[in-house]
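Novice: Following this line is coords_24.csv, made up of CSV, C-alpha atoms and all ligand atoms:
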chain,number,residue,atom,x,y,z
A,1,MET,CA,8.1,5.0,17.7
A,2,ARG,CA,6.4,3.0,15.0
A,3,LYS,CA,2.8,3.7,14.4
A,4,VAL,CA,0.9,0.5,14.0
A,5,HIS,CA,-2.4,0.7,12.1
A,6,ALA,CA,-4.4,-2.1,13.5
A,7,GLY,CA,-5.6,-4.5,10.9
A,8,THR,CA,-3.8,-2.9,8.0
A,9,GLU,CA,-0.2,-4.2,8.5
A,10,GLU,CA,-1.1,-7.4,6.8
A,11,VAL,CA,-2.3,-5.8,3.5
A,12,ALA,CA,-0.4,-7.2,0.6
A,13,ARG,CA,1.2,-4.4,-1.4
A,14,GLU,CA,2.4,-4.5,-5.0
A,15,VAL,CA,5.6,-3.1,-3.8
A,16,GLN,CA,6.9,-4.6,-0.6
A,17,LYS,CA,10.5,-4.3,0.7
A,18,PRO,CA,12.2,-5.2,3.9
A,19,ASP,CA,12.4,-2.4,6.4
A,20,GLU,CA,16.2,-2.3,6.0
A,21,GLN,CA,15.9,-1.8,2.3
A,22,TRP,CA,13.6,1.2,2.7
A,23,ARG,CA,16.1,2.7,5.1
A,24,GLN,CA,18.8,2.4,2.5
A,25,GLU,CA,16.8,3.7,-0.4
A,26,LEU,CA,15.1,6.6,1.3
A,27,THR,CA,16.6,9.7,2.9
A,28,PRO,CA,16.1,9.7,6.7
A,29,LEU,CA,13.3,12.3,6.4
A,30,GLN,CA,11.6,10.3,3.6
A,31,TYR,CA,11.9,7.2,5.8
A,32,ASN,CA,10.3,8.9,8.8
A,33,VAL,CA,7.4,10.2,6.8
A,34,LEU,CA,6.7,7.4,4.3
A,35,ARG,CA,7.4,4.5,6.6
A,36,GLU,CA,6.7,5.9,10.0
A,37,ALA,CA,3.9,8.4,9.2
A,38,HIS,CA,5.7,11.4,10.5
A,39,THR,CA,5.0,14.9,9.1
A,40,GLU,CA,7.6,17.2,7.6
A,41,ARG,CA,7.8,20.7,9.1
A,42,PRO,CA,5.6,23.1,7.2
A,43,PHE,CA,7.1,25.4,4.6
A,44,THR,CA,10.3,23.3,4.4
A,45,GLY,CA,9.4,20.9,1.6
A,46,GLU,CA,10.6,21.5,-1.9
A,47,TYR,CA,7.2,21.4,-3.6
A,48,VAL,CA,5.2,23.9,-1.5
A,49,ASN,CA,5.7,26.6,-4.1
A,50,ASN,CA,6.3,24.5,-7.1
A,51,HIS,CA,4.0,25.7,-9.9
A,52,ALA,CA,5.6,23.8,-12.8
A,53,ASP,CA,3.5,21.5,-15.0
A,54,GLY,CA,4.0,17.8,-14.4
A,55,SER,CA,3.2,14.8,-12.3
A,56,TYR,CA,3.9,14.0,-8.7
A,57,ARG,CA,4.8,10.4,-8.1
A,58,CYS,CA,5.3,8.5,-4.9
A,59,ALA,CA,8.9,8.9,-3.7
A,60,GLY,CA,8.8,5.3,-2.4
A,61,CYS,CA,7.6,3.4,-5.5
A,62,GLY,CA,7.1,5.8,-8.4
A,63,ASN,CA,3.3,5.4,-8.4
A,64,LYS,CA,1.7,8.4,-10.2
A,65,LEU,CA,-0.4,10.2,-7.6
A,66,PHE,CA,-1.2,13.8,-8.5
A,67,SER,CA,-1.1,16.1,-11.5
A,68,SER,CA,0.1,19.7,-11.2
A,69,ASP,CA,-3.4,20.6,-12.5
A,70,ALA,CA,-4.8,19.5,-9.2
A,71,LYS,CA,-2.4,21.5,-7.1
A,72,PHE,CA,-3.4,24.7,-5.3
A,73,ASP,CA,-1.9,27.1,-2.8
A,74,SER,CA,-3.4,26.2,0.5
A,75,GLY,CA,-1.2,28.4,2.6
A,76,THR,CA,-0.6,25.6,5.0
A,77,GLY,CA,3.1,25.1,4.1
A,78,TRP,CA,2.5,21.7,2.5
A,79,PRO,CA,1.8,20.9,-1.1
A,80,SER,CA,-2.0,20.5,-1.5
A,81,PHE,CA,-4.1,18.9,-4.2
A,82,ASP,CA,-7.8,18.7,-4.8
A,83,GLU,CA,-7.8,15.1,-6.2
A,84,PRO,CA,-5.5,12.2,-7.1
A,85,THR,CA,-4.7,11.5,-10.7
A,86,VAL,CA,-6.4,8.2,-10.3
A,87,ALA,CA,-8.6,7.6,-7.3
A,88,GLU,CA,-7.2,4.0,-6.9
A,89,ALA,CA,-3.7,5.3,-6.6
A,90,VAL,CA,-4.2,6.2,-3.0
A,91,GLU,CA,-5.8,4.5,-0.1
A,92,LEU,CA,-7.7,6.4,2.7
A,93,ARG,CA,-7.9,5.2,6.2
A,94,SER,CA,-9.0,6.8,9.5
A,95,ASP,CA,-6.3,8.1,11.7
A,96,ASN,CA,-7.2,8.9,15.3
A,97,SER,CA,-3.6,9.6,16.5
A,98,LEU,CA,-2.6,12.9,18.2
A,99,PHE,CA,-6.1,13.3,19.6
A,100,MET,CA,-7.4,14.2,16.2
A,101,ARG,CA,-9.8,12.5,13.9
A,102,ARG,CA,-8.2,12.6,10.5
A,103,THR,CA,-8.1,10.7,7.3
A,104,GLU,CA,-4.7,9.4,6.4
A,105,VAL,CA,-3.6,9.1,2.7
A,106,VAL,CA,-1.3,6.3,1.8
A,107,CYS,CA,0.1,5.1,-1.5
A,108,ARG,CA,-1.9,2.0,-2.5
A,109,ARG,CA,1.1,0.5,-4.3
A,110,CYS,CA,3.7,0.6,-1.5
A,111,GLY,CA,1.7,1.6,1.6
A,112,GLY,CA,3.8,4.7,2.1
A,113,HIS,CA,2.4,7.5,4.2
A,114,LEU,CA,1.7,10.6,2.1
A,115,GLY,CA,-0.3,12.9,4.3
A,116,HIS,CA,-3.9,13.5,5.1
A,117,VAL,CA,-7.0,14.6,3.3
A,118,PHE,CA,-9.5,17.2,4.6
A,119,ASN,CA,-13.0,18.3,3.5
A,120,ASP,CA,-12.2,22.0,3.3
A,121,GLY,CA,-10.8,22.2,-0.2
A,122,PRO,CA,-11.6,25.4,-2.2
A,123,THR,CA,-12.4,23.7,-5.5
A,124,ARG,CA,-15.3,21.7,-6.9
A,125,THR,CA,-14.0,18.5,-5.2
A,126,GLY,CA,-14.1,20.1,-1.8
A,127,LYS,CA,-11.0,18.1,-0.9
A,128,ARG,CA,-7.6,19.2,0.3
A,129,TYR,CA,-5.0,16.5,0.0
A,130,CYS,CA,-2.3,17.8,2.3
A,131,MET,CA,0.8,16.0,1.3
A,132,ASN,CA,4.4,15.9,2.5
A,133,SER,CA,6.8,17.1,-0.2
A,134,CYS,CA,9.3,14.5,0.7
A,135,SER,CA,6.8,11.7,0.0
A,136,LEU,CA,6.5,12.9,-3.5
A,137,SER,CA,8.8,13.0,-6.5
A,138,PHE,CA,8.0,15.6,-9.2
A,139,GLU,CA,8.3,14.7,-12.8
A,140,PRO,CA,8.2,17.8,-15.1
A,141,ALA,CA,6.0,17.6,-18.1
A,142,ALA,CA,7.8,16.9,-21.3
A,143,ALA,CA,8.8,20.1,-23.1
A,144,ASP,CA,7.2,18.9,-26.4
A,145,GLN,CA,3.8,18.3,-24.9
A,146,PRO,CA,1.1,20.7,-26.0
A,147,GLY,CA,0.2,23.4,-23.5
A,148,THR,CA,3.5,23.3,-21.7
A,149,ALA,CA,5.5,25.7,-24.0
A,150,SER,CA,6.3,29.0,-22.3
A,151,GLY,CA,6.1,32.2,-24.3
B,1,FE,FE,4.3,4.3,-3.3
Output the file's structure as structure tokens, nothing else.

Specialist:
Amino acid sequence: MRKVHAGTEEVAREVQKPDEQWRQELTPLQYNVLREAHTERPFTGEYVNNHADGSYRCAGCGNKLFSSDAKFDSGTGWPSFDEPTVAEAVELRSDNSLFMRRTEVVCRRCGGHLGHVFNDGPTRTGKRYCMNSCSLSFEPAAADQPGTASG
């Protein structure tokens, strides 16, 4: 069932596509998460234990969201970050579904649901951006960039 966020459905997005097009471009799981705000099962996503250097982009529109530098092991089964690459890349909104008071994180560019953010992060930011792997697309750092060479 589609979750309607009152008052936010009319927001004009830089990337807007008809629902049918999203269905064609995304995998069924990605569609359910990005467009219907479902949550992937913990410990099933491909980026939970990814420790490679690089960037995490929105799987819906390619918007650069998180750097591997911001990633930490939260033990929750979902890839977790302490801050977005650029604050404006994401949009936060209150989510009172499932009898919980949470803060939803969506991609500002396409409106895709990414996950939630919590205030129990272990680093200086105090934030834990709890993301769905399938909402993200990992882009490895270029091999010729300084600091990425392995010995
Ligand atoms: Fe996006």

Novice: Find the residues around A:Asn119 up to 9 Å (only C-alpha atoms counted), leave out those fewer than 4 positions away in its own chain, and share them as a VMD selection string.

Specialist: chain A and resid 125 to 129

Novice: Let me see if you get this right: every residue at most 12 Å from ligand FE 1 (chain B), counting only C-alpha atoms and all ligand atoms, written as a VMD selection string.

Specialist: chain A and resid 13 to 17 22 26 30 34 to 35 56 to 65 89 to 91 105 to 114 135 to 137

Novice: Check the smallest atom-to-atom distance from each of A:Leu98, A:Ala52, A:Ala142, A:Ala70 to A:Arg124 using only C-alpha atoms, then report the winner.

Specialist: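 Result for the nearest residue to A:Arg124: A:Ala70.
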
Novice: Within 12 Å of (-2.5, 10.2, 15.2), in the coordinates the file gives, what residues turn up when you count all atoms listed in the file, written out as a PyMOL selection string?

Specialist: chain A and resi 2-5+36-39+93-104+115-116

Novice: Residues of the last selection are to be written out with C-alpha atoms, as a PDB file, in the coordinates of the input.

Specialist:
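Dumped everything to again.pdb:
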ATOM      1  CA  ARG A   2       6.400   3.000  15.000  1.00  0.00           C
ATOM      2  CA  LYS A   3       2.800   3.700  14.400  1.00  0.00           C
ATOM      3  CA  VAL A   4       0.900   0.500  14.000  1.00  0.00           C
ATOM      4  CA  HIS A   5      -2.400   0.700  12.100  1.00  0.00           C
ATOM      5  CA  GLU A  36       6.700   5.900  10.000  1.00  0.00           C
ATOM      6  CA  ALA A  37       3.900   8.400   9.200  1.00  0.00           C
ATOM      7  CA  HIS A  38       5.700  11.400  10.500  1.00  0.00           C
ATOM      8  CA  THR A  39       5.000  14.900   9.100  1.00  0.00           C
ATOM      9  CA  ARG A  93      -7.900   5.200   6.200  1.00  0.00           C
ATOM     10  CA  SER A  94      -9.000   6.800   9.500  1.00  0.00           C
ATOM     11  CA  ASP A  95      -6.300   8.100  11.700  1.00  0.00           C
ATOM     12  CA  ASN A  96      -7.200   8.900  15.300  1.00  0.00           C
ATOM     13  CA  SER A  97      -3.600   9.600  16.500  1.00  0.00           C
ATOM     14  CA  LEU A  98      -2.600  12.900  18.200  1.00  0.00           C
ATOM     15  CA  PHE A  99      -6.100  13.300  19.600  1.00  0.00           C
ATOM     16  CA  MET A 100      -7.400  14.200  16.200  1.00  0.00           C
ATOM     17  CA  ARG A 101      -9.800  12.500  13.900  1.00  0.00           C
ATOM     18  CA  ARG A 102      -8.200  12.600  10.500  1.00  0.00           C
ATOM     19  CA  THR A 103      -8.100  10.700   7.300  1.00  0.00           C
ATOM     20  CA  GLU A 104      -4.700   9.400   6.400  1.00  0.00           C
ATOM     21  CA  GLY A 115      -0.300  12.900   4.300  1.00  0.00           C
ATOM     22  CA  HIS A 116      -3.900  13.500   5.100  1.00  0.00           C
TER      23      HIS A 116
END

Novice: Between A:Met131, A:Ala87, A:Ala141, A:Leu92, which has the minimum distance to A:Glu46 (counting only C-alpha atoms)?

Specialist: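 Smallest distance to A:Glu46 is found for A:Met131.
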
Novice: Please measure the separation of atom CA of A:Ser80 and atom CA of A:Asn32, giving the value in Å to one decimal.

Specialist: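 Going from atom CA of A:Ser80 over to atom CA of A:Asn32, I get 19.8 Å.
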
Novice: Could you check which of A:Tyr31, A:Thr123, A:Glu25, A:Pro140 is closest to A:Ser68, using all atoms listed in the file?

Specialist: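 Among the listed residues, the smallest separation from A:Ser68 belongs to A:Pro140.
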
Novice: Find the residue from A:Lys71, A:Glu40, A:Gly77, A:Asp82 that sits nearest to A:Asp53; use only C-alpha atoms when measuring.

Specialist: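 Of A:Lys71, A:Glu40, A:Gly77, A:Asp82, the one nearest A:Asp53, counting only C-alpha atoms, is A:Lys71.
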
Novice: Interatomic distance between atom CA of A:Ser133 and atom CA of A:Pro79?

Specialist: 6.3 Å

Novice: By how many Å are atom CA of A:Cys134 and atom CA of A:Ser67 apart?

Specialist: 16.1 Å

Novice: Find the residues around A:Asp69 up to 9 Å (all atoms listed in the file counted), leave out those fewer than 3 positions away in its own chain, and share them as a PyMOL selection string.

Specialist: chain A and resi 53-55+66+72+81

Novice: Tell me which of A:Pro18, A:Pro42, A:Pro28, A:Pro84 sits closest to A:Asn132, counting all atoms listed in the file.

Specialist: A:Pro42

Novice: Show me, as an NGL selection string, the residues that have an atom within 12 Å of A:Gly75 when counting all atoms listed in the file, minus same-chain residues fewer than 6 positions from it.

Specialist: :A and (42-43 or 48-49 or 121-122 or 128 or 130)
